file model-v7.txt (compact mmCIF, C-alpha atoms and all ligand atoms)
# COMPACT_ATOMS: atom_id res chain seq x y z
CA MET A 196 102.31 58.25 60.25
CA THR A 197 100.04 60.65 58.40
CA VAL A 198 99.67 60.72 54.67
CA LYS A 199 97.45 62.81 52.43
CA ILE A 200 96.14 61.28 49.24
CA PHE A 201 93.18 63.57 48.46
CA ASP A 202 94.97 65.64 45.80
CA ARG A 203 96.27 62.62 43.89
CA PRO A 204 94.86 62.60 40.33
CA ASP A 205 93.66 59.01 40.69
CA VAL A 206 91.67 59.96 43.82
CA GLN A 207 90.12 62.96 42.06
CA GLU A 208 89.22 60.68 39.14
CA PHE A 209 87.79 58.08 41.55
CA LEU A 210 85.52 60.78 43.10
CA LYS A 211 84.10 61.51 39.65
CA VAL A 212 83.48 57.79 39.08
CA VAL A 213 81.68 57.23 42.41
CA SER A 214 79.53 60.30 41.67
CA GLY A 215 78.61 59.03 38.20
CA LEU A 216 80.15 62.07 36.51
CA ASP A 217 81.69 59.79 33.87
CA LYS A 218 78.23 58.45 32.89
CA ALA A 219 75.48 59.92 30.75
CA ASP A 220 72.68 58.33 32.78
CA GLY A 221 71.26 59.70 36.03
CA ASN A 222 70.40 63.10 37.44
CA PRO A 223 73.01 65.83 36.82
CA ARG A 224 72.04 67.86 39.91
CA MET A 225 72.30 64.76 42.11
CA LYS A 226 75.73 64.02 40.63
CA GLU A 227 76.89 67.57 41.30
CA ILE A 228 75.73 67.50 44.92
CA ILE A 229 77.05 64.03 45.66
CA HIS A 230 80.39 64.81 44.01
CA ARG A 231 80.80 67.87 46.24
CA LEU A 232 79.67 66.11 49.44
CA MET A 233 81.85 63.05 48.79
CA SER A 234 84.83 65.28 47.98
CA ASP A 235 84.34 67.17 51.26
CA LEU A 236 84.07 63.86 53.14
CA PHE A 237 87.15 62.32 51.52
CA LYS A 238 89.08 65.51 52.28
CA ALA A 239 87.94 65.51 55.91
CA ILE A 240 89.04 61.87 56.32
CA ASP A 241 92.43 62.81 54.90
CA ASP A 242 92.90 66.10 56.79
CA LEU A 243 91.68 64.83 60.17
CA ASN A 244 93.34 61.45 59.73
CA ILE A 245 90.01 59.80 60.57
CA THR A 246 90.75 56.21 61.60
CA PRO A 247 88.83 53.16 60.36
CA ASP A 248 87.41 52.72 63.89
CA GLU A 249 86.16 56.30 63.91
CA TYR A 250 84.72 55.89 60.43
CA TRP A 251 82.84 52.66 61.23
CA THR A 252 81.57 54.16 64.48
CA GLY A 253 80.05 56.89 62.33
CA VAL A 254 78.46 54.37 59.97
CA ALA A 255 76.93 52.44 62.89
CA TRP A 256 75.61 55.70 64.33
CA LEU A 257 73.97 56.59 61.01
CA ASN A 258 72.25 53.20 60.96
CA ASP A 259 70.99 53.79 64.53
CA LEU A 260 69.88 57.30 63.60
CA GLY A 261 67.84 56.04 60.65
CA ALA A 262 66.38 53.12 62.59
CA ALA A 263 65.20 55.62 65.21
CA GLY A 264 63.75 57.91 62.52
CA GLN A 265 65.89 60.76 63.83
CA ALA A 266 67.53 62.23 60.71
CA GLY A 267 65.00 65.06 61.03
CA LEU A 268 65.92 65.53 64.68
CA ILE A 269 69.70 65.76 64.45
CA SER A 270 69.28 68.10 61.47
CA PRO A 271 67.99 71.04 63.56
CA GLY A 272 70.34 69.96 66.36
CA LEU A 273 73.30 70.53 64.06
CA GLY A 274 71.92 73.90 63.00
CA LEU A 275 71.14 72.89 59.41
CA ASP A 276 67.47 73.88 59.60
CA HIS A 277 68.42 77.26 61.06
CA PHE A 278 71.09 77.75 58.39
CA ILE A 279 68.57 77.03 55.63
CA ASP A 280 66.24 79.65 57.16
CA GLU A 281 69.09 82.17 57.38
CA ARG A 282 69.62 81.66 53.65
CA LEU A 283 65.91 82.22 52.94
CA ASP A 284 66.05 85.40 55.05
CA ALA A 285 69.08 86.60 53.08
CA ILE A 286 67.28 85.95 49.78
CA ASP A 287 64.24 87.89 51.03
CA ALA A 288 66.45 90.76 52.20
CA ALA A 289 68.21 90.88 48.82
CA MET A 290 64.81 91.06 47.09
CA GLY A 291 63.61 93.78 49.48
CA ILE A 292 60.97 91.53 51.08
CA ASP A 293 60.20 92.42 54.67
CA ASN A 294 58.75 89.68 56.90
CA PRO A 295 56.98 91.32 59.87
CA THR A 296 56.55 87.88 61.44
CA PRO A 297 59.90 86.08 61.13
CA ARG A 298 60.09 82.53 59.85
CA THR A 299 61.67 79.81 61.91
CA ILE A 300 62.17 76.08 61.56
CA GLU A 301 59.39 73.51 61.14
CA GLY A 302 60.97 70.75 63.19
CA PRO A 303 60.29 67.04 62.59
CA LEU A 304 56.96 66.63 64.40
CA TYR A 305 54.26 68.14 62.16
CA VAL A 306 51.46 65.79 61.11
CA ALA A 307 49.13 66.66 58.21
CA GLY A 308 45.38 66.17 58.47
CA ALA A 309 44.49 67.88 61.77
CA PRO A 310 40.79 68.69 62.39
CA GLU A 311 39.71 71.95 60.79
CA SER A 312 37.37 74.69 62.02
CA THR A 313 36.68 78.35 61.32
CA GLY A 314 37.63 81.18 63.66
CA PHE A 315 38.17 79.16 66.82
CA ALA A 316 39.48 75.77 67.93
CA ARG A 317 40.28 74.04 71.15
CA LEU A 318 43.56 72.21 70.56
CA ASP A 319 43.79 69.94 73.59
CA ASP A 320 41.31 67.16 74.41
CA GLY A 321 41.38 67.89 78.14
CA SER A 322 43.35 64.75 79.04
CA ASP A 323 46.47 66.63 80.16
CA THR A 324 45.12 68.07 83.39
CA ASP A 325 48.50 69.48 84.47
CA GLY A 326 48.32 72.25 81.92
CA GLN A 327 47.56 75.88 82.57
CA THR A 328 44.85 77.09 80.17
CA LEU A 329 46.26 79.03 77.25
CA ILE A 330 44.33 81.39 74.98
CA MET A 331 45.92 82.85 71.88
CA HIS A 332 44.35 84.98 69.18
CA GLY A 333 45.37 87.25 66.37
CA VAL A 334 44.74 88.43 62.85
CA VAL A 335 46.41 87.10 59.70
CA HIS A 336 47.56 90.02 57.51
CA ASP A 337 48.83 90.03 53.95
CA ALA A 338 51.94 91.87 52.76
CA ASP A 339 49.88 95.09 52.47
CA LYS A 340 48.75 94.65 56.09
CA LYS A 341 45.17 93.84 55.05
CA PRO A 342 43.34 91.14 57.08
CA MET A 343 43.04 87.81 55.27
CA PRO A 344 39.70 86.03 55.77
CA GLY A 345 40.04 82.34 54.89
CA ALA A 346 43.76 82.13 55.63
CA LYS A 347 44.75 78.74 57.04
CA VAL A 348 46.41 78.66 60.48
CA GLU A 349 47.87 75.26 61.34
CA VAL A 350 49.03 75.02 64.94
CA TRP A 351 50.71 72.21 66.89
CA HIS A 352 52.54 71.83 70.19
CA CYS A 353 53.46 69.27 72.85
CA ASP A 354 51.90 68.47 76.22
CA THR A 355 53.14 69.23 79.74
CA ARG A 356 55.56 66.27 79.53
CA GLY A 357 57.08 67.51 76.28
CA PHE A 358 55.39 64.80 74.18
CA TYR A 359 53.66 65.41 70.84
CA SER A 360 50.65 63.35 69.75
CA HIS A 361 51.66 60.73 67.12
CA PHE A 362 55.17 60.70 68.68
CA ASP A 363 54.24 60.00 72.31
CA PRO A 364 56.43 57.19 73.72
CA THR A 365 53.78 56.47 76.40
CA GLY A 366 51.11 56.00 73.72
CA LYS A 367 48.77 58.03 75.87
CA GLN A 368 47.62 60.70 73.45
CA ALA A 369 44.75 60.53 70.98
CA PRO A 370 45.62 61.29 67.35
CA PHE A 371 45.79 65.04 66.62
CA ASN A 372 45.69 66.06 70.27
CA MET A 373 47.11 69.61 70.36
CA ARG A 374 47.04 69.83 66.56
CA ARG A 375 44.42 71.89 64.73
CA THR A 376 43.77 73.82 61.54
CA ILE A 377 41.92 77.10 61.99
CA ILE A 378 40.49 79.01 59.05
CA ALA A 379 40.63 82.75 59.75
CA ASP A 380 37.14 84.27 60.08
CA GLU A 381 35.56 87.01 57.95
CA ASN A 382 37.84 89.56 59.65
CA GLY A 383 40.97 87.46 59.28
CA ARG A 384 40.89 86.51 62.94
CA TYR A 385 41.88 83.22 64.54
CA LYS A 386 41.68 82.16 68.17
CA PHE A 387 42.42 79.02 70.12
CA GLN A 388 42.24 77.51 73.55
CA SER A 389 44.81 74.95 74.64
CA ILE A 390 47.20 74.31 77.51
CA LEU A 391 50.60 75.84 78.03
CA PRO A 392 53.12 73.33 76.62
CA SER A 393 56.37 72.55 78.38
CA GLY A 394 59.76 72.38 76.73
CA TYR A 395 60.89 69.46 74.57
CA GLY A 396 63.85 67.14 75.08
CA VAL A 397 65.33 64.67 72.58
CA PRO A 398 64.60 61.05 73.54
CA PRO A 399 66.98 59.87 76.29
CA GLY A 400 69.45 57.23 75.14
CA SER A 401 68.76 57.98 71.47
CA PRO A 402 71.40 58.39 68.74
CA THR A 403 70.62 62.12 68.66
CA GLU A 404 71.25 62.44 72.37
CA HIS A 405 74.45 60.39 72.08
CA LEU A 406 75.94 62.75 69.52
CA LEU A 407 74.83 65.88 71.36
CA SER A 408 76.38 64.69 74.61
CA ALA A 409 79.62 63.82 72.79
CA LEU A 410 79.60 67.48 71.72
CA GLY A 411 79.03 68.58 75.33
CA ARG A 412 75.56 69.85 74.36
CA HIS A 413 72.03 69.29 75.65
CA GLY A 414 69.00 68.37 73.54
CA GLN A 415 66.40 70.65 75.10
CA ARG A 416 64.05 73.18 73.57
CA PRO A 417 62.18 75.94 75.38
CA ALA A 418 58.36 75.79 75.43
CA HIS A 419 57.09 76.68 71.97
CA ILE A 420 54.08 76.50 69.63
CA HIS A 421 54.42 75.77 65.90
CA PHE A 422 52.52 77.45 63.06
CA PHE A 423 52.03 77.18 59.33
CA ILE A 424 50.15 80.15 57.86
CA SER A 425 48.99 79.71 54.28
CA ALA A 426 46.54 81.00 51.68
CA PRO A 427 46.14 80.52 47.92
CA GLY A 428 48.42 82.86 45.97
CA HIS A 429 50.61 83.58 48.98
CA ARG A 430 53.87 82.20 50.29
CA LYS A 431 53.48 79.86 53.24
CA LEU A 432 54.91 81.04 56.55
CA THR A 433 56.50 78.43 58.81
CA THR A 434 57.11 79.78 62.29
CA GLN A 435 56.87 79.24 66.03
CA ILE A 436 56.34 81.31 69.14
CA ASN A 437 58.21 80.85 72.39
CA ILE A 438 56.65 81.20 75.80
CA GLU A 439 58.07 84.24 77.54
CA GLY A 440 60.13 83.53 80.65
CA ASP A 441 61.31 80.04 79.67
CA PRO A 442 64.93 79.76 80.88
CA LEU A 443 65.96 77.97 77.66
CA ILE A 444 64.64 80.71 75.39
CA ASN A 445 68.18 81.61 74.31
CA ASP A 446 69.59 78.10 74.76
CA ASP A 447 67.50 76.08 72.26
CA PHE A 448 69.25 72.98 70.89
CA ALA A 449 67.46 73.63 67.58
CA TYR A 450 68.38 77.37 67.36
CA ALA A 451 64.80 78.39 66.51
CA THR A 452 64.34 81.40 68.82
CA ARG A 453 64.10 84.71 66.98
CA ASP A 454 63.38 88.31 67.92
CA GLY A 455 59.71 88.97 67.27
CA LEU A 456 58.61 85.42 68.13
CA VAL A 457 58.24 85.85 71.89
CA PRO A 458 54.80 87.43 72.35
CA ARG A 459 53.68 89.02 75.57
CA VAL A 460 51.88 86.56 77.87
CA VAL A 461 49.25 87.89 80.26
CA GLU A 462 48.24 85.77 83.25
CA ARG A 463 44.55 86.01 84.18
CA ASN A 464 42.45 84.40 86.88
CA ASP A 465 39.11 86.15 86.30
CA GLU A 466 35.83 84.64 85.16
CA GLU A 467 36.08 86.04 81.61
CA SER A 468 39.28 84.12 80.98
CA ILE A 469 37.43 80.83 81.43
CA HIS A 470 35.02 81.63 78.58
CA ALA A 471 37.75 80.91 76.15
CA ASN A 472 35.56 80.06 73.22
CA ASN A 473 33.66 83.35 73.36
CA LEU A 474 34.96 84.76 70.10
CA ASN A 475 33.41 88.15 70.85
CA GLY A 476 34.77 88.36 74.37
CA PRO A 477 37.69 90.41 75.62
CA PHE A 478 40.15 88.09 73.93
CA ALA A 479 38.62 88.41 70.49
C1 LIG A 501 60.67 69.78 68.37
O1 LIG A 501 59.48 69.89 69.00
C2 LIG A 501 61.01 70.75 67.54
O2 LIG A 501 60.15 71.75 67.39
C3 LIG A 501 62.24 70.72 66.87
C4 LIG A 501 62.65 71.83 65.99
C5 LIG A 501 63.08 69.67 67.06
C6 LIG A 501 62.72 68.67 67.90
C7 LIG A 501 61.51 68.71 68.56
FE FE A 502 58.37 71.45 68.48

call {"tool": "encode", "arguments": {"input": "model-v7.txt", "output": "structure tokens"}}
result
Amino acid sequence: MTVKIFDRPDVQEFLKVVSGLDKADGNPRMKEIIHRLMSDLFKAIDDLNITPDEYWTGVAWLNDLGAAGQAGLISPGLGLDHFIDERLDAIDAAMGIDNPTPRTIEGPLYVAGAPESTGFARLDDGSDTDGQTLIMHGVVHDADKKPMPGAKVEVWHCDTRGFYSHFDPTGKQAPFNMRRTIIADENGRYKFQSILPSGYGVPPGSPTEHLLSALGRHGQRPAHIHFFISAPGHRKLTTQINIEGDPLINDDFAYATRDGLVPRVVERNDEESIHANNLNGPFA
């Protein structure tokens, strides 16, 4: 037996009541959003004939998700973060703003307050000895392609096991390992030494993994490095780079890979490459 009650006037009236639309108090924008979301949910329950068992399974899953602190993890997994970025890109395009370095999603694992230095930083504390040394450098440019001394480059990534400091289930990483803030030097340059991160996987057995596997999907990301680029009077850029050659580069559970965010990687074994913190060396 299937019935549909969504269009009944008493149900439509009830949706307004639960959203507070019949009250003067409260936040009008919140009422508008909740009214729309609740209407879409009521309609889905009606149209898909969602059973009480299915509904309460969903409620229990939401409780598990929150208890695990994973709302910010399933969000990119369901493509919401990417969708929000696509909308920002469309707004920029409509305003004629060109972004030479594309934006991509922040992810849930940024931590504010990383140690700050000018020009150069070493990101890793040397405790992950499985990592291949990584050197990256560049120049921060403004919209007119002029170098930006003093621009802030925040960078963070995971270790060779796919664990981020502050979120490491083994508890084995010092705070702010592989997280630094670099202030671009007088020529707008930044440079860092770290180790090549590996890919990331959602925690095994977690509510996020449970949903993804019910969808027939994996919860893996290719190796990547996160960035915030900011300066007073300028929009902040949130982006990432991927490490060339990673097999998951076009199979990211968070849909963050974009053209222009896969820089060329050069492998070196010579003596110069060891002198990573020589700002005036061949990598500068
Ligand atoms: C990550 O490291 C990440 O960058 C994203 C987007 C989601 C989960 C883990
Ligand atoms: Fe990440």

call {"tool": "residues_near_ligand", "arguments": {"input": "model-v7.txt", "ligand": "ligand FE 502 (chain A)", "cutoff": "10 Å", "atoms": "all atoms listed in the file", "output": "number ranges by chain"}}
result
A: 300-305, 351-353, 357-359, 392, 394-396, 416-422, 435, 449, 451

call {"tool": "write_last_selection", "arguments": {"input": "model-v7.txt", "atoms": "C-alpha atoms", "output": "PDB file, in the coordinates of the input"}}
result
ATOM      1  CA  ILE A 300      62.170  76.080  61.560  1.00  0.00           C
ATOM      2  CA  GLU A 301      59.390  73.510  61.140  1.00  0.00           C
ATOM      3  CA  GLY A 302      60.970  70.750  63.190  1.00  0.00           C
ATOM      4  CA  PRO A 303      60.290  67.040  62.590  1.00  0.00           C
ATOM      5  CA  LEU A 304      56.960  66.630  64.400  1.00  0.00           C
ATOM      6  CA  TYR A 305      54.260  68.140  62.160  1.00  0.00           C
ATOM      7  CA  TRP A 351      50.710  72.210  66.890  1.00  0.00           C
ATOM      8  CA  HIS A 352      52.540  71.830  70.190  1.00  0.00           C
ATOM      9  CA  CYS A 353      53.460  69.270  72.850  1.00  0.00           C
ATOM     10  CA  GLY A 357      57.080  67.510  76.280  1.00  0.00           C
ATOM     11  CA  PHE A 358      55.390  64.800  74.180  1.00  0.00           C
ATOM     12  CA  TYR A 359      53.660  65.410  70.840  1.00  0.00           C
ATOM     13  CA  PRO A 392      53.120  73.330  76.620  1.00  0.00           C
ATOM     14  CA  GLY A 394      59.760  72.380  76.730  1.00  0.00           C
ATOM     15  CA  TYR A 395      60.890  69.460  74.570  1.00  0.00           C
ATOM     16  CA  GLY A 396      63.850  67.140  75.080  1.00  0.00           C
ATOM     17  CA  ARG A 416      64.050  73.180  73.570  1.00  0.00           C
ATOM     18  CA  PRO A 417      62.180  75.940  75.380  1.00  0.00           C
ATOM     19  CA  ALA A 418      58.360  75.790  75.430  1.00  0.00           C
ATOM     20  CA  HIS A 419      57.090  76.680  71.970  1.00  0.00           C
ATOM     21  CA  ILE A 420      54.080  76.500  69.630  1.00  0.00           C
ATOM     22  CA  HIS A 421      54.420  75.770  65.900  1.00  0.00           C
ATOM     23  CA  PHE A 422      52.520  77.450  63.060  1.00  0.00           C
ATOM     24  CA  GLN A 435      56.870  79.240  66.030  1.00  0.00           C
ATOM     25  CA  ALA A 449      67.460  73.630  67.580  1.00  0.00           C
ATOM     26  CA  ALA A 451      64.800  78.390  66.510  1.00  0.00           C
TER      27      ALA A 451
END

call {"tool": "atom_distance", "arguments": {"input": "model-v7.txt", "atom1": "atom CA of A:Leu410", "atom2": "atom CA of A:Arg282"}}
result
25.0 Å

call {"tool": "closest_residue", "arguments": {"input": "model-v7.txt", "among": "A:Asp380, A:Asp259, A:Asp441, A:Asp337", "to": "A:Val457", "atoms": "only C-alpha atoms"}}
result
A:Asp441

call {"tool": "closest_residue", "arguments": {"input": "model-v7.txt", "among": "A:Gly455, A:Gly383, A:Gly267, A:Pro310", "to": "ligand LIG 501 (chain A)", "atoms": "only C-alpha atoms and all ligand atoms"}}
result
A:Gly267

call {"tool": "residues_around", "arguments": {"input": "model-v7.txt", "residues": "A:Gly274", "least_positions_apart": "3", "cutoff": "9 Å", "atoms": "all atoms listed in the file", "output": "ChimeraX atom specification"}}
result
/A:269-271,277-279,448-450

call {"tool": "closest_residue", "arguments": {"input": "model-v7.txt", "among": "A:Arg224, A:Arg459, A:His336, A:Lys431", "to": "A:Arg298", "atoms": "all atoms listed in the file"}}
result
A:Lys431

call {"tool": "atom_distance", "arguments": {"input": "model-v7.txt", "atom1": "atom CA of A:Tyr250", "atom2": "atom CA of A:Glu208"}}
result
22.3 Å

call {"tool": "closest_residue", "arguments": {"input": "model-v7.txt", "among": "A:Leu275, A:Asn382, A:Phe371, A:Ile424", "to": "ligand LIG 501 (chain A)", "atoms": "only C-alpha atoms and all ligand atoms"}}
result
A:Leu275

call {"tool": "closest_residue", "arguments": {"input": "model-v7.txt", "among": "A:Asn258, A:Thr299, A:Thr376, A:Ser408", "to": "ligand LIG 501 (chain A)", "atoms": "only C-alpha atoms and all ligand atoms"}}
result
A:Thr299

call {"tool": "closest_residue", "arguments": {"input": "model-v7.txt", "among": "A:Ile286, A:Leu273, A:Ile229, A:Ile292", "to": "A:Leu216", "atoms": "all atoms listed in the file"}}
result
A:Ile229

call {"tool": "atom_distance", "arguments": {"input": "model-v7.txt", "atom1": "atom CA of A:Arg412", "atom2": "atom CA of A:Pro458"}}
result
27.3 Å

call {"tool": "residues_around", "arguments": {"input": "model-v7.txt", "residues": "stretch 387-391 of chain A", "least_positions_apart": "4", "cutoff": "7 Å", "atoms": "only C-alpha atoms", "output": "ChimeraX atom specification"}}
result
/A:315-319,326-332,471

call {"tool": "decode", "arguments": {"input": "model-v7.txt", "residues": "stretch 386-465 of chain A", "atoms": "C-alpha atoms", "output": "PDB file, in the first residue's frame"}}
result
ATOM      1  CA  LYS A 386      59.626  27.479  -0.058  1.00  0.00           C
ATOM      2  CA  PHE A 387      59.283  24.423   2.116  1.00  0.00           C
ATOM      3  CA  GLN A 388      60.848  21.095   2.871  1.00  0.00           C
ATOM      4  CA  SER A 389      58.699  18.193   3.990  1.00  0.00           C
ATOM      5  CA  ILE A 390      58.061  14.565   3.092  1.00  0.00           C
ATOM      6  CA  LEU A 391      55.890  13.245   0.315  1.00  0.00           C
ATOM      7  CA  PRO A 392      52.500  12.460   1.897  1.00  0.00           C
ATOM      8  CA  SER A 393      50.552   9.353   1.016  1.00  0.00           C
ATOM      9  CA  GLY A 394      46.861   9.235   0.208  1.00  0.00           C
ATOM     10  CA  TYR A 395      44.137   9.510   2.841  1.00  0.00           C
ATOM     11  CA  GLY A 396      41.416   7.005   3.702  1.00  0.00           C
ATOM     12  CA  VAL A 397      38.326   7.588   5.863  1.00  0.00           C
ATOM     13  CA  PRO A 398      38.573   5.791   9.226  1.00  0.00           C
ATOM     14  CA  PRO A 399      37.761   2.073   8.837  1.00  0.00           C
ATOM     15  CA  GLY A 400      34.510   1.051  10.511  1.00  0.00           C
ATOM     16  CA  SER A 401      33.356   4.668  10.825  1.00  0.00           C
ATOM     17  CA  PRO A 402      29.864   5.979   9.976  1.00  0.00           C
ATOM     18  CA  THR A 403      31.346   7.714   6.924  1.00  0.00           C
ATOM     19  CA  GLU A 404      32.823   4.466   5.665  1.00  0.00           C
ATOM     20  CA  HIS A 405      29.551   2.632   6.353  1.00  0.00           C
ATOM     21  CA  LEU A 406      27.559   4.979   4.152  1.00  0.00           C
ATOM     22  CA  LEU A 407      30.159   5.041   1.388  1.00  0.00           C
ATOM     23  CA  SER A 408      30.280   1.246   1.231  1.00  0.00           C
ATOM     24  CA  ALA A 409      26.466   1.089   1.147  1.00  0.00           C
ATOM     25  CA  LEU A 410      26.794   3.302  -1.940  1.00  0.00           C
ATOM     26  CA  GLY A 411      29.383   0.938  -3.430  1.00  0.00           C
ATOM     27  CA  ARG A 412      32.039   3.652  -3.061  1.00  0.00           C
ATOM     28  CA  HIS A 413      35.476   3.865  -1.470  1.00  0.00           C
ATOM     29  CA  GLY A 414      36.673   6.566   0.937  1.00  0.00           C
ATOM     30  CA  GLN A 415      40.151   7.177  -0.449  1.00  0.00           C
ATOM     31  CA  ARG A 416      41.884  10.351  -1.535  1.00  0.00           C
ATOM     32  CA  PRO A 417      45.014  10.622  -3.671  1.00  0.00           C
ATOM     33  CA  ALA A 418      48.149  12.134  -2.087  1.00  0.00           C
ATOM     34  CA  HIS A 419      47.614  15.873  -1.729  1.00  0.00           C
ATOM     35  CA  ILE A 420      48.840  19.020   0.040  1.00  0.00           C
ATOM     36  CA  HIS A 421      46.465  21.725   1.307  1.00  0.00           C
ATOM     37  CA  PHE A 422      46.957  25.491   1.071  1.00  0.00           C
ATOM     38  CA  PHE A 423      45.367  28.705   2.241  1.00  0.00           C
ATOM     39  CA  ILE A 424      46.849  31.793   0.561  1.00  0.00           C
ATOM     40  CA  SER A 425      45.856  35.104   2.107  1.00  0.00           C
ATOM     41  CA  ALA A 426      46.833  38.759   2.384  1.00  0.00           C
ATOM     42  CA  PRO A 427      45.104  41.888   3.714  1.00  0.00           C
ATOM     43  CA  GLY A 428      42.769  43.397   1.119  1.00  0.00           C
ATOM     44  CA  HIS A 429      42.686  40.229  -0.967  1.00  0.00           C
ATOM     45  CA  ARG A 430      40.358  37.264  -1.215  1.00  0.00           C
ATOM     46  CA  LYS A 431      41.654  34.140   0.461  1.00  0.00           C
ATOM     47  CA  LEU A 432      42.464  31.198  -1.798  1.00  0.00           C
ATOM     48  CA  THR A 433      41.709  27.707  -0.488  1.00  0.00           C
ATOM     49  CA  THR A 434      43.324  25.042  -2.626  1.00  0.00           C
ATOM     50  CA  GLN A 435      45.328  21.826  -2.789  1.00  0.00           C
ATOM     51  CA  ILE A 436      47.855  20.200  -5.063  1.00  0.00           C
ATOM     52  CA  ASN A 437      47.885  16.547  -6.002  1.00  0.00           C
ATOM     53  CA  ILE A 438      51.014  14.482  -6.398  1.00  0.00           C
ATOM     54  CA  GLU A 439      51.460  13.532 -10.020  1.00  0.00           C
ATOM     55  CA  GLY A 440      51.203   9.811 -10.783  1.00  0.00           C
ATOM     56  CA  ASP A 441      48.908   8.880  -7.888  1.00  0.00           C
ATOM     57  CA  PRO A 442      46.487   6.259  -9.249  1.00  0.00           C
ATOM     58  CA  LEU A 443      43.556   7.858  -7.394  1.00  0.00           C
ATOM     59  CA  ILE A 444      44.113  11.288  -8.913  1.00  0.00           C
ATOM     60  CA  ASN A 445      40.845  11.022 -10.866  1.00  0.00           C
ATOM     61  CA  ASP A 446      39.097   8.799  -8.320  1.00  0.00           C
ATOM     62  CA  ASP A 447      39.050  11.035  -5.211  1.00  0.00           C
ATOM     63  CA  PHE A 448      36.173  10.320  -2.806  1.00  0.00           C
ATOM     64  CA  ALA A 449      36.090  14.074  -2.062  1.00  0.00           C
ATOM     65  CA  TYR A 450      36.099  15.212  -5.747  1.00  0.00           C
ATOM     66  CA  ALA A 451      38.842  17.788  -5.137  1.00  0.00           C
ATOM     67  CA  THR A 452      41.125  17.141  -8.129  1.00  0.00           C
ATOM     68  CA  ARG A 453      41.149  19.959 -10.670  1.00  0.00           C
ATOM     69  CA  ASP A 454      43.077  20.772 -13.832  1.00  0.00           C
ATOM     70  CA  GLY A 455      45.913  23.093 -12.904  1.00  0.00           C
ATOM     71  CA  LEU A 456      46.434  21.565  -9.448  1.00  0.00           C
ATOM     72  CA  VAL A 457      48.777  18.743 -10.431  1.00  0.00           C
ATOM     73  CA  PRO A 458      52.217  20.372 -10.641  1.00  0.00           C
ATOM     74  CA  ARG A 459      55.183  18.729 -12.283  1.00  0.00           C
ATOM     75  CA  VAL A 460      57.272  16.692  -9.821  1.00  0.00           C
ATOM     76  CA  VAL A 461      60.983  16.282 -10.491  1.00  0.00           C
ATOM     77  CA  GLU A 462      62.865  13.454  -8.785  1.00  0.00           C
ATOM     78  CA  ARG A 463      66.443  14.316  -7.781  1.00  0.00           C
ATOM     79  CA  ASN A 464      69.189  12.373  -6.058  1.00  0.00           C
ATOM     80  CA  ASP A 465      72.045  14.884  -6.250  1.00  0.00           C
TER      81      ASP A 465
END
